[in-house]
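Chemist: Below is the file protein21.txt, with compact mmCIF, C-alpha atoms.
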# COMPACT_ATOMS: atom_id res chain seq x y z
CA MET A 16 -10.21 -15.60 -0.46
CA GLU A 17 -10.04 -16.82 -4.07
CA LYS A 18 -6.52 -17.56 -5.32
CA GLU A 19 -7.05 -17.12 -9.05
CA PHE A 20 -9.52 -15.89 -11.61
CA THR A 21 -9.67 -16.16 -15.38
CA ALA A 22 -11.21 -13.13 -17.07
CA THR A 23 -12.36 -12.54 -20.64
CA ALA A 24 -12.62 -9.06 -22.16
CA GLU A 25 -12.01 -7.10 -25.34
CA THR A 26 -8.47 -6.17 -24.29
CA ILE A 27 -5.79 -7.62 -22.02
CA GLU A 28 -5.98 -4.53 -19.80
CA ALA A 29 -9.74 -4.88 -19.38
CA ALA A 30 -9.45 -8.60 -18.60
CA LEU A 31 -6.75 -7.93 -16.00
CA ASP A 32 -8.81 -5.16 -14.44
CA GLU A 33 -11.86 -7.43 -14.24
CA ALA A 34 -9.83 -10.18 -12.53
CA LEU A 35 -8.37 -7.73 -10.00
CA GLU A 36 -11.85 -6.51 -9.21
CA GLN A 37 -13.19 -10.02 -8.68
CA LEU A 38 -10.22 -11.00 -6.50
CA GLY A 39 -10.31 -7.72 -4.59
CA VAL A 40 -6.55 -7.04 -4.81
CA GLN A 41 -4.16 -4.58 -6.43
CA GLN A 42 -2.07 -5.48 -9.48
CA ASP A 43 1.17 -5.76 -7.51
CA ALA A 44 -0.42 -8.58 -5.50
CA VAL A 45 -0.77 -10.89 -8.48
CA THR A 46 0.92 -12.59 -11.37
CA TYR A 47 -0.93 -13.15 -14.63
CA GLU A 48 -0.77 -15.29 -17.74
CA ILE A 49 -2.22 -14.30 -21.10
CA LEU A 50 -4.09 -17.37 -22.31
CA GLU A 51 -5.52 -15.79 -25.45
CA GLU A 52 -4.44 -12.64 -27.28
CA PRO A 53 -7.30 -10.49 -28.62
CA SER A 54 -7.61 -10.60 -32.38
CA THR A 55 -9.91 -9.72 -35.24
CA SER A 56 -10.44 -12.09 -38.15
CA PHE A 57 -12.66 -11.84 -41.22
CA PHE A 58 -13.69 -15.49 -40.84
CA SER A 59 -13.93 -15.89 -37.07
CA GLY A 60 -14.78 -12.34 -36.10
CA ASN A 61 -13.51 -10.67 -32.94
CA ARG A 62 -11.75 -12.89 -30.43
CA PRO A 63 -11.48 -11.52 -26.88
CA ALA A 64 -8.47 -11.60 -24.59
CA VAL A 65 -8.35 -14.29 -21.91
CA VAL A 66 -6.13 -13.67 -18.88
CA LYS A 67 -5.51 -15.95 -15.91
CA VAL A 68 -4.64 -14.00 -12.76
CA THR A 69 -3.17 -15.64 -9.66
CA VAL A 70 -2.78 -14.02 -6.24
CA ARG A 71 0.78 -14.17 -4.95
CA ALA A 72 1.28 -16.44 -1.96
CA ASP A 73 2.20 -13.66 0.47
CA TYR A 74 -1.18 -12.00 -0.09
CA ILE A 75 -3.30 -15.04 0.55
CA GLN A 76 -4.77 -14.79 4.03
CA GLU A 77 -5.91 -18.35 4.55
CA LEU A 78 -3.36 -20.39 2.66
CA ARG A 79 -2.90 -23.93 3.92
CA SER A 80 0.26 -25.81 3.21
CA GLU A 81 0.18 -29.45 2.14
CA LYS A 82 3.53 -29.96 3.83
CA ASP A 83 4.11 -30.66 7.51
CA ILE A 84 4.00 -27.60 9.72
CA ASP A 85 6.88 -27.00 12.08
CA GLU A 86 5.23 -26.57 15.48
CA GLU A 87 8.31 -25.16 17.21
CA GLY A 88 8.62 -21.43 17.82
CA ASP A 89 6.07 -18.66 17.73
CA GLY A 90 6.91 -17.33 14.27
CA PHE A 91 9.02 -14.41 15.48
CA SER A 92 12.78 -14.30 15.24
CA GLU A 93 14.86 -13.54 18.32
CA SER A 94 18.02 -12.94 16.29
CA GLY A 95 16.68 -9.77 14.67
CA GLU A 96 16.45 -11.40 11.25
CA SER A 97 13.17 -11.41 9.38
CA PRO A 98 11.72 -14.96 9.37
CA ALA A 99 10.03 -16.44 6.34
CA PRO A 100 6.33 -15.46 6.43
CA ASP A 101 4.21 -18.21 7.96
CA LEU A 102 1.37 -17.99 5.45
CA ARG A 103 -0.01 -21.36 6.48
CA ARG A 104 -1.50 -20.06 9.71
CA ASP A 105 -4.99 -18.68 9.96
CA TYR A 106 -4.70 -15.19 11.39
CA GLU A 107 -7.81 -15.88 13.49
CA ASP A 108 -5.76 -18.41 15.48
CA LEU A 109 -3.07 -15.92 16.48
CA SER A 110 -2.62 -15.02 20.13
CA ASP A 111 -3.29 -11.52 21.42
CA GLU A 112 0.45 -11.10 21.96
CA GLU A 113 1.21 -11.96 18.33
CA ILE A 114 -1.49 -9.59 17.03
CA ASP A 115 -0.17 -6.80 19.28
CA ALA A 116 3.35 -7.39 17.98
CA ILE A 117 2.13 -7.23 14.37
CA ALA A 118 0.17 -4.04 15.07
CA ASP A 119 3.18 -2.41 16.75
CA GLU A 120 5.43 -3.29 13.83
CA ALA A 121 2.87 -2.07 11.29
CA THR A 122 2.58 1.26 13.13
CA LYS A 123 6.37 1.59 13.11
CA VAL A 124 6.51 0.85 9.38
CA LEU A 125 3.72 3.32 8.61
CA LYS A 126 5.44 6.08 10.59
CA GLU A 127 8.66 5.43 8.68
CA MET A 128 6.82 5.82 5.36
CA VAL A 129 4.95 8.97 6.44
CA ASN A 130 8.27 10.56 7.36
CA TYR A 131 9.27 10.45 3.69
CA PHE A 132 6.44 12.89 2.99
CA GLU A 133 7.98 15.33 5.50
CA ILE A 134 4.70 15.59 7.39
CA ASP A 135 5.11 16.20 11.12
CA ALA A 136 2.78 16.03 14.10
CA VAL A 137 0.72 13.07 12.96
CA SER A 138 -0.82 10.38 15.12
CA ILE A 139 -1.95 6.89 14.15
CA ASP A 140 -5.10 5.49 15.70
CA GLU A 141 -5.61 1.74 15.57
CA TYR A 142 -8.92 -0.13 15.57
CA GLU A 143 -10.52 -3.31 14.25
CA GLY A 144 -12.43 -3.28 10.97
CA ASP A 145 -15.67 -5.02 10.03
CA GLU A 146 -13.86 -8.01 8.56
CA GLY A 147 -11.33 -8.44 11.37
CA GLU A 148 -8.58 -6.37 9.77
CA ILE A 149 -6.56 -3.83 11.74
CA ILE A 150 -7.15 -0.30 10.47
CA PHE A 151 -4.51 2.38 11.03
CA ASP A 152 -6.03 5.84 10.71
CA ILE A 153 -3.52 8.65 10.24
CA THR A 154 -4.62 11.99 11.67
CA GLY A 155 -2.89 15.34 12.12
CA GLU A 156 -3.28 19.08 12.34
CA LYS A 157 -2.14 19.74 8.77
CA ASN A 158 -3.91 18.79 5.57
CA LEU A 159 -3.05 15.17 4.91
CA ALA A 160 -4.50 15.03 1.39
CA LEU A 161 -0.97 14.32 0.13
CA LEU A 162 -1.17 10.88 1.77
CA ILE A 163 -4.45 10.11 0.02
CA GLY A 164 -3.48 11.09 -3.51
CA ARG A 165 -5.61 11.34 -6.61
CA HIS A 166 -8.49 8.86 -6.42
CA GLY A 167 -6.86 7.34 -3.34
CA ARG A 168 -3.88 5.92 -5.24
CA THR A 169 -1.29 7.06 -2.68
CA ILE A 170 -3.17 5.60 0.25
CA ASP A 171 -3.52 2.34 -1.69
CA ALA A 172 0.25 2.26 -2.25
CA LEU A 173 0.89 2.97 1.45
CA GLN A 174 -1.34 0.06 2.41
CA VAL A 175 0.35 -2.39 0.03
CA LEU A 176 3.84 -1.38 1.19
CA MET A 177 2.98 -1.43 4.88
CA SER A 178 1.38 -4.86 4.63
CA SER A 179 4.27 -6.29 2.62
CA ILE A 180 7.01 -4.94 4.89
CA THR A 181 5.17 -5.92 8.08
CA THR A 182 4.63 -9.45 6.78
CA LYS A 183 8.32 -9.76 5.97
CA ARG A 184 9.46 -8.43 9.33
CA CYS A 185 7.00 -10.37 11.50
CA GLY A 186 6.83 -13.55 9.47
CA ILE A 187 3.04 -13.73 9.63
CA HIS A 188 0.53 -12.24 7.21
CA TYR A 189 -2.35 -10.34 8.85
CA PRO A 190 -4.95 -8.15 7.08
CA LEU A 191 -3.95 -4.51 7.54
CA SER A 192 -5.60 -1.37 6.22
CA VAL A 193 -4.44 2.25 6.04
CA ASP A 194 -6.81 5.18 6.36
CA VAL A 195 -6.21 8.93 6.48
CA GLU A 196 -8.54 10.97 8.67
CA GLY A 197 -11.36 8.51 7.97
CA TYR A 198 -11.13 8.90 4.18
CA ARG A 199 -11.70 5.21 3.40
CA HIS A 200 -14.56 4.95 5.86
CA ARG A 201 -16.32 7.99 4.38
CA ARG A 202 -15.63 6.82 0.84
CA LYS A 203 -17.01 3.36 1.61
CA GLN A 204 -20.20 4.87 3.01
CA LYS A 205 -20.57 7.17 -0.01
CA ILE A 206 -20.01 4.37 -2.54
CA THR A 207 -22.49 2.15 -0.71
CA GLU A 208 -25.09 4.92 -0.80
CA ILE A 209 -24.47 5.51 -4.51
CA ALA A 210 -24.85 1.80 -5.21
CA THR A 211 -28.05 1.53 -3.19
CA ARG A 212 -29.64 4.52 -4.92
CA ALA A 213 -28.65 3.14 -8.33
CA GLY A 214 -30.16 -0.22 -7.45
CA GLU A 215 -33.42 1.36 -6.31
CA ARG A 216 -33.55 3.49 -9.46
CA CYS A 217 -32.96 0.39 -11.60
CA VAL A 218 -35.81 -1.46 -9.88
CA ARG A 219 -38.19 1.46 -10.43
CA SER A 220 -37.30 2.10 -14.05
CA HIS A 221 -36.55 -1.49 -15.14
CA ARG A 222 -33.62 -0.04 -17.10
CA PRO A 223 -29.82 -0.35 -16.74
CA VAL A 224 -28.20 2.34 -14.61
CA PRO A 225 -24.53 3.10 -15.43
CA LEU A 226 -22.30 4.58 -12.73
CA LYS A 227 -19.28 6.83 -13.13
CA PRO A 228 -15.81 5.25 -13.58
CA MET A 229 -14.35 3.91 -10.34
CA THR A 230 -11.24 2.16 -9.10
CA PRO A 231 -11.28 -1.66 -8.74
CA TYR A 232 -11.71 -1.27 -4.96
CA GLU A 233 -14.69 1.06 -5.38
CA ARG A 234 -16.32 -1.13 -8.01
CA ARG A 235 -16.00 -4.09 -5.68
CA LEU A 236 -17.79 -2.08 -2.97
CA VAL A 237 -20.64 -1.51 -5.43
CA HIS A 238 -20.91 -5.22 -6.23
CA ILE A 239 -20.90 -6.08 -2.53
CA ALA A 240 -23.58 -3.49 -1.77
CA LEU A 241 -25.87 -4.85 -4.51
CA ARG A 242 -25.31 -8.59 -4.27
CA ASP A 243 -28.17 -9.06 -1.79
CA MET A 244 -30.54 -6.54 -3.37
CA LYS A 245 -33.49 -8.25 -5.07
CA GLY A 246 -34.28 -7.40 -8.65
CA VAL A 247 -30.83 -6.20 -9.75
CA THR A 248 -27.45 -7.47 -10.85
CA SER A 249 -24.23 -5.53 -11.41
CA GLU A 250 -21.47 -5.88 -13.99
CA SER A 251 -18.33 -3.94 -14.83
CA GLU A 252 -17.92 -2.52 -18.30
CA GLY A 253 -15.37 -0.40 -20.13
CA ALA A 254 -11.60 -0.43 -19.99
CA GLY A 255 -8.82 1.37 -18.15
CA ALA A 256 -9.76 4.64 -16.50
CA GLN A 257 -13.26 4.42 -18.00
CA ARG A 258 -14.14 1.10 -16.38
CA HIS A 259 -17.40 1.42 -14.47
CA VAL A 260 -20.28 -0.56 -12.99
CA VAL A 261 -23.66 -0.92 -14.69
CA VAL A 262 -26.66 -1.99 -12.62
CA PHE A 263 -29.09 -4.19 -14.57
CA PRO A 264 -32.65 -5.31 -13.72
CA SER A 265 -32.81 -9.05 -13.13
Now that the file is in, can you turn its structure into structure tokens?

Modeler:
Amino acid sequence: MEKEFTATAETIEAALDEALEQLGVQQDAVTYEILEEPSTSFFSGNRPAVVKVTVRADYIQELRSEKDIDEEGDGFSESGESPAPDLRRDYEDLSDEEIDAIADEATKVLKEMVNYFEIDAVSIDEYEGDEGEIIFDITGEKNLALLIGRHGRTIDALQVLMSSITTKRCGIHYPLSVDVEGYRHRRKQKITEIATRAGERCVRSHRPVPLKPMTPYERRLVHIALRDMKGVTSESEGAGAQRHVVVFPS
């Protein structure tokens, strides 16, 4: 996982959005520094914004410390206090017992958050994702659209909070994902299909194919779907809610 990215765009917002897309994280997972303010000058013309975005340490999955690692203990506190997150460990090296403990705690945290929505009779199914992450799929008899939110913003917030709280309580960062009745899975499939069709159309027509505005997560799915397709490249254009992917012939 990349730790930082410097983006250039017409506005600070667009540069920040581009960096978040490239890093594959939400804005609350980063800090950023404005290296250049956008400006317009008669002599020098338009000068774009330059923003340096850095992923916060507690969101980096494979961070290695340059300091000595204390080998004593298993990373979990027996006193009931939350230990400092051991971000130096590779989650792939965790034992099954540690992973089970993290999954149990994450489920507990997620149930606590769902209770705030006053939604009863829900169950949480747990399974492993394509990239090794643990996916927690919330299902229930009632309509759970409230947990998804407009354009998936609520489910994104649930995921960020669950991951942050679980990391703090367990002391180890592990990739966790929240889904609601398979929403993310279906959305991922749909975005991948849209990207593939756009790529094929671009190859046939030899013309750029713009897609509708998408969230940073969805735009990243498009880039991933097209990165191995021959004859096309993809770039993000626009700013704010109108930011979208354009597929270009290469």

Chemist: Quick one: everything within 9 Å of Ile134 in chain A, counting only C-alpha atoms, minus sequence neighbours fewer than 5 positions away in the same chain. Send it as a PyMOL selection string.

Modeler: chain A and resi 129+155+157+159

Chemist: Quick one: distance from CA of Glu33 in chain A to CA of Thr182 in chain A in Å, one decimal?

Modeler: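 Between these atoms lies a distance of 26.8 Å.
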
Chemist: What's around Ile170 in chain A at 10 Å? Count all atoms listed in the file, leave out sequence neighbours fewer than 3 positions away in its own chain, and write the answer as a PyMOL selection string.

Modeler: chain A and resi 160-167+173-176+192-195+198-199

Chemist: Separation of CA of Phe20 in chain A and CA of Ser179 in chain A, in Å?

Modeler: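 Value for the CA of Phe20 in chain A-CA of Ser179 in chain A distance: 22.0 Å.
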
Chemist: Could you tell me how far CA of Met229 in chain A sits from CA of Thr154 in chain A, in Å to one decimal place?

Modeler: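 According to the coordinates, CA of Thr154 in chain A and CA of Met229 in chain A are separated by 25.4 Å.
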
Chemist: Go through A:Arg168, A:Arg234, A:Lys67, A:Arg184 one by one, measure the shortest atom-to-atom distance of each to Asp119 in chain A using only C-alpha atoms, and give the residue with the smallest value.

Modeler: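 Distance minimum relative to Asp119 in chain A lands on A:Arg184.
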
Chemist: Quick one: of A:Ile239, A:Ile206, A:Ile187, A:Ala254, who's nearest to Gln37 in chain A, counting all atoms listed in the file?

Modeler: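 For Gln37 in chain A, the nearest of the candidates is A:Ile239.
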
Chemist: For Ala24 in chain A, which residue among A:Lys123, A:Glu252, A:Val218, A:Ser265 is the nearest when counting all atoms listed in the file?

Modeler: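 Closest to Ala24 in chain A, using all atoms listed in the file: A:Glu252.
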
Chemist: Nearest to Ala213 in chain A: which of A:Leu241, A:Leu191, A:Ala116, A:Ala172 is it, counting only C-alpha atoms?

Modeler: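 Once distances to Ala213 in chain A are computed over only C-alpha atoms, the minimum belongs to A:Leu241.
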
Chemist: Find the residue from A:Ala256, A:Cys185, A:Ala240, A:Ala210 that sits nearest to Val124 in chain A; use all atoms listed in the file when measuring.

Modeler: A:Cys185

Chemist: Using only C-alpha atoms, which of A:Ala121, A:Val262, A:Ile114, A:Ile209 sits nearest Lys183 in chain A?

Modeler: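 Using only C-alpha atoms, the shortest distance to Lys183 in chain A belongs to A:Ala121.
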
Chemist: Please check which residues have atoms at most 12 Å from (-4.8, -3.9, -20.2) in the file's coordinates, counting only C-alpha atoms, and write them as a list in words.

Modeler: Ala22, Thr23, Ala24, Glu25, Thr26, Ile27, Glu28, Ala29, Ala30, Leu31, Asp32, Glu33, Ala34, Leu35, Gln42, Tyr47, Ile49, Glu52, Pro53, Ala64, Val65, Val66, Gly253, Ala254, Gly255, Ala256 and Arg258 of chain A
